[in-house]
Amino acid sequence: MEGDDCGFHYGDGTNEHQDNDFPTVERSRLQEMLSLLGLEAYQGQKLSLQDSLQISFDSMKNWAPQVPKDLPWHFLRKLQVLNAEARNTTMVLDVPADARPAEKESQMEEEMIYWDPAEDIATDDIYSFSELPTPDTPVNPLDLLCALMLSSDSFLQQELILRMALCQFALPLVLPDSENHSHTFLLWALRSVVRTWWSQAPRGSGSFREDSVVLPRVPTFTFVRMDVSSNSKSQLLNAILSPGRRQWDCFWHRDLSLGTNPREIADGLVEISWFFPSGKEDMDMFLEPMAFLNLRGDIGSHWLQFKLLTEISSAVFILTDNISKKEYKLLYSMKESSTKFYFILSPYRGKRNTNLRFLNRLIPVLRMEHSHVLVKVSSTDSEGFVRRLRAIVGGVARAPCRRVSVEDMAHVARKLGLRVDEDCEECQKAKARMERITRRIKDVDAFRKDELRLQGEPWRKAAQAEKECCPPAWALDTPERPRAEMRRRVLELRMQQSGQEPAVAVQEFVAGLSSPSTGERQFFLRWMEWGLARLSPPRPRQPSESLLALRPKLCGAADLSEPLGVEHFLREMGQFYEAESCMVEAGRLPATQRRFAHFPGLAVELLLAGLPLELVDGGTLSVPIRWVTGLLKELHVRLDRRSRLVVLSTLGMPGTGKSTLLNTMFGLRFATGKSCSSRGAFMQLVTVAEGFSQDLGCDHILAIDSGGLIRGTSAGDRFELEVSLATLLMGLSNVTVVSLAETRDIPPAILHAFLRLEKTGHVPNCQFVYQNLRDAPAPSSRPPDRRQLQDSSGDLSRAATQMEKRVGGFRTLAGLAFCDPERQHIWHIPSLWHGNPPMAAVSLAYSEAIFELKRCLLENIRNGLSNQNKNIQQLIELLRRL
């Protein structure tokens with residue numbers, strides 16, 4: 001009997017139906033979808049991250065898409081600001097009800113088989129996405145995601161997945177591409193997602209662990225559909241992953257708007273999500289991290305994906321309403337699999353006996369127990385059923401079981417013939433170069449001393465001497481003779497530096513930046529970030545901070561125990577450039593013999609590609625003026641005639657959400673984290689679309705993110721350095737966002753900066769932002785007003801006035817900041833999180849408030865309410881003065 005029943009062959013991963021219909025039917029579906037969404041143009045030259053971040057007319061309004069070609073851009077805008085409703089894309093199109101197209105009943109997704117959309121969707125609701133008149137059929141959100149991923153380059157794919165993870169959306173793991181008869185395993189795209197979770201040691205106390213989601217080996221559970229199923233895989237998965245009665249729609253499902261729309265190109269998509277424990281017993285369903293996978297479509301039509309899932313899973317749950325001879329043959333071919341199989345049945349009426357007959361045959365073939373067969377019908381207690389599933393999952397995880405990482409999954413995918421995105425030549429060459437550098441780093445402190453030679457004591461002394469040589473415009477005059485002595489001292493120190501040669505690791509780093517391939521350079525920088533982060537010893541972290549950690553934030557740079565980062569290699573390049581430039585200025589080196597004059601050009605390429613560059617040296621809290629001037633001059637050349645700038649900076653206490661705010665507002669990559677804040681300041685460039693630059697009055701926005709300012713007493717060398725930093729950033733900026741947790745968090749350095757800038761005639765434009773970044777939402781309170789700000793800053797203002805030796809009394813911060821009510825505002829930003837980290841998503845209220853702040857800032861810039869826009873030459877002059 002078994003010999004007659006095992007005639008099913010999967011061979012190379014396709015079945016007979018795929019071989020016959022794949023080239024003709026599937027090819028046209030993909031092309032039609034790309035054409036419908038306006039993405040055909042991006043099949044050759046892929047959509048880039050910089051393309052998606054451009055500021056345009058749409059950035060200033062909360063617009064609704066009106067035609068299908070608006071959908072990708074609307075999705076990108078929503079995702080950029082971490083809006084939890086990014087998938088709920090609808091189109092506003094006022095058309096008669098009788099103009100709506102008929103649904104394609106033959107192509108309805110598996111979750112529609114027993115679903116009547118009329119139960120939830122009113123027939124006269126002209127704003128419903130599922131009723132959208134299109135050339136063919138309404139667009140399913142999963143089709144939109146697949147089309148956008150297929151049209152994006154590797155770095156935009158990575159950014160999309162990172163922001164989807166912050167919204168707690170299920171992430172694509174295997175991307176189907178029916179046009180090219182191939183599927184892509186998304187290892188590279190997932191690598192940037194970092195999470196923090198509670199790791200409980202078998203014996204002893206636990207601790208928080210932080211890592212990329214592709215690295216830990218965890219139990220993995222897969223949910224698939226065979227033929228038809230009345231039960232929804234996605235809803236079951238959401239229920240398993242959701243604590244208590246609050247269900248989070250991690251996986252898109254039938255009960256959501258658009259969930260009933262037919263899928264055209266997303267069948268075969270494999271999604272992944274994780275559970276991460278928080279260490280709170282009342283919140284954690286499981287004691288360790290677990291991965292959950294979901295295959296969209298029937299396993300019979302996507303056998304290659306199913307084969308992959310069976311080889312990487314600890315257990316596979318098969319949802320079906322029917323087990324007949326066809327299904328028996330399908331699963332009989334898995335008789336050698338070591339994976340545990342479970343069935344979730346909702347049998348047809350009258351099919352009970354047939355199901356039981358073939359199920360009884362399958363149980364010994366798949367080495368199942370009778371307890372592995374679950375039945376869920378409409379009368380089943382849903383909460384009890386979910387508890388039972390959690391118990392099964394927890395039991396499998398506690399017993400010896402298969403544990404795999406996403407990297408392990410990629411190895412299996414390669415063996416089965418799937419393409420892995422990380423295997424492209426540019427990515428692998430960049431990875432090899434990174435490994436040649438990191439192999440030299442046995443001890444971080446020793447490496448910094450031996451290989452980053454210009455960042456030693458002469459560097460600190462030279463930075464201090466440079467500041468004394470070139471006092472800012474607000475400082476008192478200094479005697480000429482001591483200044484001349486300091487110039488000689490600077491020259492001596494720079495000569496010591498110029499006598500050094502770049503170390504081997506630095507030369508390799510420069511070679512990586514010098515690659516003629518733009519893609520290889522970008523891959524190299526990302527690999528360097530991750531490779532260096534892996535070398536750093538773990539540090540205590542709270543679960544909330546890692547969710548927005550686009551790059552790990554550094555501790556005080558003066559401490560040799562700080563984590564090593566890309567910025568240290570760039571700082572070394574900057575010091576070589578500084579020393580050489582000083583030699584040329586002093587006539588000690590002919591300009592024709594310069595070796596490092598091209599370094600600013602290499603760094604500017606990174607700035608244009610979206611990497612933050614250091615503006616204020618975090619080790620000395622000083623501006624390497626020759627290096628930064630070289631960067632800005634090179635930037636002026638690269639931007640050609642589009643060099644009008646608006647400068648937007650942030651200041652505030654550590655952990656008040658400055659970096660998170662800029663990242664959410666503009667899609668930037670500033671380092672985040674509240675347990676250890678970096679010093680200094682970094683800059684990143686945001687491009688304004690050419691069609692909008694004339695209206696906005698600038699071509700680019702230069703965003704500057706600073707380290708946290710101390711709240712302590714107004715004394716000491718560190719405080720003076722922070723006052724200088726605040727004065728510099730506020731003086732350079734058209735708008736400064738002061739981020740506060742409460743009124744008493746106003747750093748004294750900001751008050752001193754206001755007073756010093758008054759001496760130069762510059763009145764900063766400040767936006768005061770109060771943010772609640774606690775893990776759990778706090779009860780809403782009345783936003784602070786100007787009176788509170790004035791009352792809280794009075795004593796500080798008195799002290800600042802005395803220290804700055806001002807005559808004629810003092811002015812409060814409110815009096816200084818709000819001299820022009822049209823330009824100054826106080827903003828109240830709600831809690832960042834919806835739920836409890838690490839399973840929390842960014843709250844919708846936070847996202848909407850950040851969008852409103854962004855809209856008003858751009859409106860002020862357009863209406864000329866910010867300080868006068870600058871060009872790059874003016875910015876250079878301001879840097880020298882301040």
# chains A, B, ... in the order shown; residues from 1 in each chain; ligands from 1
call {"tool": "select_by_dssp", "arguments": {"residues": "range 255-429 of chain A", "states": "strand (DSSP E or B)", "output": "MDAnalysis selection string"}}
result
chainID A and resid 270:275 290:298 315:320 340:345 373:375 403:404 419:420
call {"tool": "residues_around", "arguments": {"residues": "Ser242 in chain A", "least_positions_apart": "6", "cutoff": "9 Å", "atoms": "only C-alpha atoms", "output": "list in words"}}
result
Trp248, Asp249, Cys250, Met285 and Met839 of chain A
call {"tool": "select_by_dssp", "arguments": {"residues": "range 170-412 of chain A", "states": "helix (DSSP H, G or I)", "output": "ChimeraX atom specification"}}
result
/A:187-191,233-241,303-312,325-332,352-365,370-372,382-398,406-412
call {"tool": "atom_distance", "arguments": {"atom1": "CA of Ala505 in chain A", "atom2": "CA of Leu215 in chain A"}}
result
25.9 Å
call {"tool": "atom_distance", "arguments": {"atom1": "CA of Ser178 in chain A", "atom2": "CA of Glu159 in chain A"}}
result
23.6 Å
call {"tool": "closest_residue", "arguments": {"among": "A:Ile363, A:Leu166, A:Ile265, A:Leu525", "to": "Trp833 in chain A", "atoms": "only C-alpha atoms"}}
result
A:Leu166
call {"tool": "residues_around", "arguments": {"residues": "Asn83 in chain A", "least_positions_apart": "5", "cutoff": "9 Å", "atoms": "only C-alpha atoms", "output": "PyMOL selection string"}}
result
chain A and resi 77-78+167+842-848
call {"tool": "residues_around", "arguments": {"residues": "Met164 in chain A", "least_positions_apart": "4", "cutoff": "12 Å", "atoms": "only C-alpha atoms", "output": "number ranges by chain"}}
result
A: 75-76, 78-87, 145, 157-160, 168-172, 189-190, 192-193, 250-251, 271-273, 547-548, 841-842
call {"tool": "atom_distance", "arguments": {"atom1": "CA of Ala533 in chain A", "atom2": "CA of Leu709 in chain A"}}
result
24.9 Å
call {"tool": "closest_residue", "arguments": {"among": "A:His411, A:Arg521, A:Arg163, A:Arg880", "to": "Met434 in chain A", "atoms": "only C-alpha atoms"}}
result
A:Arg521
call {"tool": "residues_around", "arguments": {"residues": "Ala741 in chain A", "least_positions_apart": "2", "cutoff": "6 Å", "atoms": "only C-alpha atoms", "output": "ChimeraX atom specification"}}
result
/A:656,770-771
call {"tool": "residues_around", "arguments": {"residues": "range 395-406 of chain A", "least_positions_apart": "6", "cutoff": "6 Å", "atoms": "only C-alpha atoms", "output": "PyMOL selection string"}}
result
chain A and resi 214-219+314
call {"tool": "write_last_selection", "arguments": {"atoms": "N, CA and C atoms", "output": "PDB file, in the first residue's frame"}}
result
ATOM      1  N   VAL A 214      19.952  37.579  13.880  1.00  0.00           N
ATOM      2  CA  VAL A 214      20.390  36.486  13.003  1.00  0.00           C
ATOM      3  C   VAL A 214      21.376  35.555  13.691  1.00  0.00           C
ATOM      4  N   LEU A 215      21.831  35.882  14.905  1.00  0.00           N
ATOM      5  CA  LEU A 215      22.927  35.129  15.520  1.00  0.00           C
ATOM      6  C   LEU A 215      22.513  34.094  16.559  1.00  0.00           C
ATOM      7  N   PRO A 216      21.564  34.373  17.464  1.00  0.00           N
ATOM      8  CA  PRO A 216      21.278  33.361  18.499  1.00  0.00           C
ATOM      9  C   PRO A 216      20.580  32.134  17.938  1.00  0.00           C
ATOM     10  N   ARG A 217      20.944  30.965  18.456  1.00  0.00           N
ATOM     11  CA  ARG A 217      20.281  29.708  18.085  1.00  0.00           C
ATOM     12  C   ARG A 217      19.099  29.492  19.018  1.00  0.00           C
ATOM     13  N   VAL A 218      17.921  29.424  18.443  1.00  0.00           N
ATOM     14  CA  VAL A 218      16.695  29.356  19.238  1.00  0.00           C
ATOM     15  C   VAL A 218      15.768  28.279  18.673  1.00  0.00           C
ATOM     16  N   PRO A 219      14.840  27.752  19.485  1.00  0.00           N
ATOM     17  CA  PRO A 219      13.798  26.870  18.940  1.00  0.00           C
ATOM     18  C   PRO A 219      12.958  27.623  17.912  1.00  0.00           C
ATOM     19  N   SER A 314      11.973  23.298  14.795  1.00  0.00           N
ATOM     20  CA  SER A 314      11.848  22.371  15.913  1.00  0.00           C
ATOM     21  C   SER A 314      10.534  21.612  15.810  1.00  0.00           C
TER      22      SER A 314
END
call {"tool": "residues_around", "arguments": {"residues": "range 606-609 of chain A", "least_positions_apart": "6", "cutoff": "8 Å", "atoms": "only C-alpha atoms", "output": "MDAnalysis selection string"}}
result
chainID A and resid 50 522 684:685
call {"tool": "write_last_selection", "arguments": {"atoms": "C-alpha atoms", "output": "compact mmCIF listing (two decimals), in the first residue's frame"}}
result
# COMPACT_ATOMS: atom_id res chain seq x y z
CA GLN A 50 18.52 58.00 -0.19
CA GLN A 522 28.44 50.72 1.68
CA GLN A 684 23.98 63.68 8.62
CA LEU A 685 22.60 65.09 5.38
